[in-house]
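So the structure is just underneath, and the comments pick up after that.
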Number of protein chains: 2
Amino acid sequence: MSEVYAARRTRLREYCNAGGSAAALVSRPANVRYLAGAAPHGAVLLLSKTEDLLVCAGPTADRPTQERPDEALRVKTLPGVGGGDPAVAAAGLAAGQGADSLAVEEHHLTVARHRALGSVAPRLRLANLGGAVEQLRVVKDEEEISCLRIGAEIADQALGELLESILVGRTERHLALELERRLVDHGADGPAFPTSVATGPNAGRPGHRPTDRRVEEGDFLSVCLGATYRGYRCEIGRTFVIGTAPADWQIELYDLVFAAQRAGRESLVPGAACRDVDRAARQVLDSAGYTEGLTALTGHGVGLEIDEDPQLSPAAMGKLDACVPVTVEPGVHLPGRGGVRIDDTLVVRPEADGGPELLTITTKELLAL
Amino acid sequence: MSEVYAARRTRLREYCNAGGSAAALVSRPANVRYLAGAAPHGAVLLLSKTEDLLVCAGPTADRPTQERPDEALRVKTLPGVGGGDPAVAAAGLAAGQGADSLAVEEHHLTVARHRALGSVAPRLRLANLGGAVEQLRVVKDEEEISCLRIGAEIADQALGELLESILVGRTERHLALELERRLVDHGADGPAFPTSVATGPNAGRPGHRPTDRRVEEGDFLSVCLGATYRGYRCEIGRTFVIGTAPADWQIELYDLVFAAQRAGRESLVPGAACRDVDRAARQVLDSAGYTEGLTALTGHGVGLEIDEDPQLSPAAMGKLDACVPVTVEPGVHLPGRGGVRIDDTLVVRPEADGGPELLTITTKELLAL
């Protein structure tokens, strides 16, 4: 794996040099992990002319993780109790090595930390690295996709087991906790994000936090969960009906969201504009009159974070590449009645390779449980 | 409750006016919640000359919460899909209202957001609010302490139930998940922080993340958990021995950490210097030769965040006031062997009121389970 991390750092260094900065300071944890193989609590990565250095906070601030940094990387742990801010220490090191410019992540560093960097190294010009590492992260290699695939399998298993149990009378909170336990049982590092379980009038609400409401006959039940596996986060969302037979309005709404989600999935081809994928899904809902209350996104990239570039939204710029994992997750929520959300994680693949690869394979039939 | 929030905002406004800023923008979520009663995802609070305004992201970005903002507060929700950055919108509003200076939280705003504020309101001078709201939050009112007390009861219950179950053979991960389920069972909003369960050589490691290691006979088992109740977060940590009888080294190490923790607790009086409380606990461990590998802090404030001011550390400035809740949590970890950590949440109270109020009442005897 070490060559993978080294190659990523080389790409970033080339990008920085092209932008006129000889040195870069990466502080956003997911970016540190992407380039260094691990991101101990508070650690930053310094790429200077002479070397790549992972600067970690004092030993006592080191929250042990199961990931080890790339062995090719020098690791410097700040001495003493507390240890100070690794970003400030790294800026001091860069200045000491004679760097005249240091590119930093202005979308991650706070104003206060940025000022502290300037104070410790007043002659160092602080440039902006912007979202350079986030952009490198968009297209995944097969190793990364393999982690997402395993995470998706785990989420499918956890969800499948829940569906075999008795649901009526149980609260959203308990169902969410049980799903998270099952994720860990099946080998996940943990949930990829707080598991959402929504019943009755809550069903279909984006980002719903589980409450003490109990599952009742006739409810819609929507569930959104994901597993983290080796740091990679996937997402699956499904909606079910509780009871023997769904009502007509439930079937109609389900079919509509299903059609929107399928339209989104089918438009996932390399070269497709992100906004066109969004529009494919959104216009199915729009044309049925559900223009209000739609979410800002109908999907987004996933990887070391659960919400990454690209964004599938009406204002999104850019096109999809092969090997980009995204969610497709349109939904409709009717205030007071509930709603439907269907969410898959897929990898964009060329037609010649069989088109988009569906990672979350739980059925999307409307199940009556 | 509305008067409580209004009074807090008045105090902050007075602080700002004294510093020369007529308007303040609060963006750190715990600070927004403290002043507004709720912090919808991304919301910021603008205190201007003319009014107090909670600016929320677009309706679709609104993650529903169970908390409602103070009804005395005007709420502005940004229109449209996506909705933009509430902090930028608030700066525009402040400029439109004729403010010449706006105090912002430079320790929370990123450089990129700060620049966006400057762009939307170029004639507005951006000053630094610093940690003013954090400082207001240090001394709690009895309502806040009551939330912490209930949270501590919940954590005590969850821990007590775990101790009655069979532990040998179960993994750290499973025990942690079970504790978190029990916290929710007993009415917590959720865990106050990721529950730590550490066995054998992991026991006593600060911030240990649960692994797949199973509990074995003869192990130390250290557990650290907390409940969030109405937003308030408490913390309890205990160490046990697995099996019929602890080994001599285990008893010695336990007694030492217990003595250190007691010394810390007993030094919690109004007016005590934070560093003296730290020293009281630390010197017990120091004088027994455990100078290496001690944590940077032996305790810290708790409240809407699990790690607040004051810090109990060798370099801490400042003194304790009455009605400040803090943890006292010294520990020793011996690499390869394990260790002991004992952690309570207490409220500083005057001697006349009976001294420090212990919120986490689970026994600190060395239990052999």
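Every chain in the structure tokens has a letter given in the order shown (A, B, ...), and although residue numbers restart at 1 in each chain, ligands are simply numbered from 1 in the order shown.
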
Exercise for the section: Just the helix (DSSP H, G or I) stuff from region 17-124 of chain A, please, per backbone DSSP, written as a ChimeraX atom specification. Expected result: /A:17-18,29-36,59-61,86-96,111-120

Handout entry: Residue list (strand (DSSP E or B), DSSP) for region 82-234 of chain A, as a PyMOL selection string
Key = chain A and resi 101-104+110+125-128+171+190-191+196-199+214+220-225+227-229+232-233

Residues of the last selection are to be written out with C-alpha atoms, as a compact mmCIF listing (two decimals), in the first residue's frame.
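Here's the written file selection_4.txt:
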```
# COMPACT_ATOMS: atom_id res chain seq x y z
CA SER A 101 5.48 29.60 0.58
CA LEU A 102 3.19 27.07 2.24
CA ALA A 103 -0.17 26.06 0.79
CA VAL A 104 -2.74 25.40 3.54
CA THR A 110 -9.86 28.33 11.39
CA ARG A 125 3.77 33.19 2.58
CA LEU A 126 0.58 31.25 3.33
CA ALA A 127 -1.15 30.25 0.11
CA ASN A 128 -4.40 28.35 -0.33
CA THR A 171 -39.17 2.47 18.54
CA GLY A 190 -18.77 1.41 12.87
CA PRO A 191 -21.72 3.16 11.27
CA SER A 196 -31.79 7.00 10.43
CA VAL A 197 -35.00 5.08 11.13
CA ALA A 198 -38.23 6.95 10.41
CA THR A 199 -41.77 5.66 10.85
CA ARG A 214 -43.09 3.15 17.70
CA PHE A 220 -44.20 3.65 5.97
CA LEU A 221 -40.84 2.74 7.50
CA SER A 222 -37.76 4.30 5.96
CA VAL A 223 -34.28 3.31 6.99
CA CYS A 224 -30.96 4.83 5.98
CA LEU A 225 -27.72 3.31 7.18
CA ALA A 227 -21.06 0.87 7.24
CA THR A 228 -17.54 2.20 7.59
CA TYR A 229 -15.04 -0.38 6.43
CA TYR A 232 -14.62 3.97 3.63
CA ARG A 233 -18.27 4.89 4.06
```

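When only C-alpha atoms are used to compute distances to chain B, the closest of the residues A:Glu178, A:Glu106, A:Asp85, A:Glu134 turns out to be A:Glu106.
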
Handout entry: CA of Leu73 (chain A) to CA of Leu12 (chain A), straight-line distance in Å
Key = 15.2 Å

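Here CA of Arg205 (chain B) stands at a distance of 29.3 Å from CA of Arg137 (chain B).
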
Practice task
Point out the residue among A:Arg113, A:His41, A:Arg33, A:Arg68 with the least atom-to-atom distance to chain B, counting only C-alpha atoms.
Solution key: A:Arg113

Practice task
Tell me which protein, DNA and RNA residues are within 10 Å of Val340 (chain A), counting only C-alpha atoms, leaving out same-chain ones fewer than 2 positions away, and put them as a list in words.
Solution key: Asn202, Ala203, Gly204, Arg205, Pro206, Phe220, Leu221, Ser222, Val223, Gly237, Arg238, Thr239, Phe240, Val241, Gln250, Leu253, Tyr254, Asp255, Leu256, Val257, Phe258, Pro330, Gly331, Val332, His333, Leu334, Gly338 and Ile342 of chain A

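Nearest residue to Arg74 (chain B) among B:Asp141, B:Asp344, B:Glu51, B:Asp307 is B:Glu51, counting only C-alpha atoms.
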
Handout entry: Among listed residues B:His208, B:Lys49, B:Arg8, B:Arg149, nearest chain A (using only C-alpha atoms)
Key = B:His208

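Take the candidates A:Pro350, A:Gly303, A:Pro40, A:Pro270 and check each one against chain B using only C-alpha atoms; the shortest distance goes to A:Pro40.
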
Practice task
Excluding Glu105 (chain A) and any residue of its chain fewer than 2 positions from it, enumerate the residues within 8 Å of it, using only C-alpha atoms, and give them as a PyMOL selection string.
Solution key: chain A and resi 25-28+103+107-109+128-131

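Going from CA of Ala36 (chain B) over to CA of Val133 (chain B), you cover 12.0 Å.
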
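Using only C-alpha atoms, the smallest distance between any of A:Asp70, A:Glu180, A:Glu142, A:Glu351 and chain B comes from A:Glu180.
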
Problem - Within 10 Å of region 312-320 of chain A using only C-alpha atoms, minus same-chain residues under 6 positions, as number ranges by chain - result: A: 138-139, 264, 268-279, 281-282, 295-301, 326-329, 348-349; B: 81-82
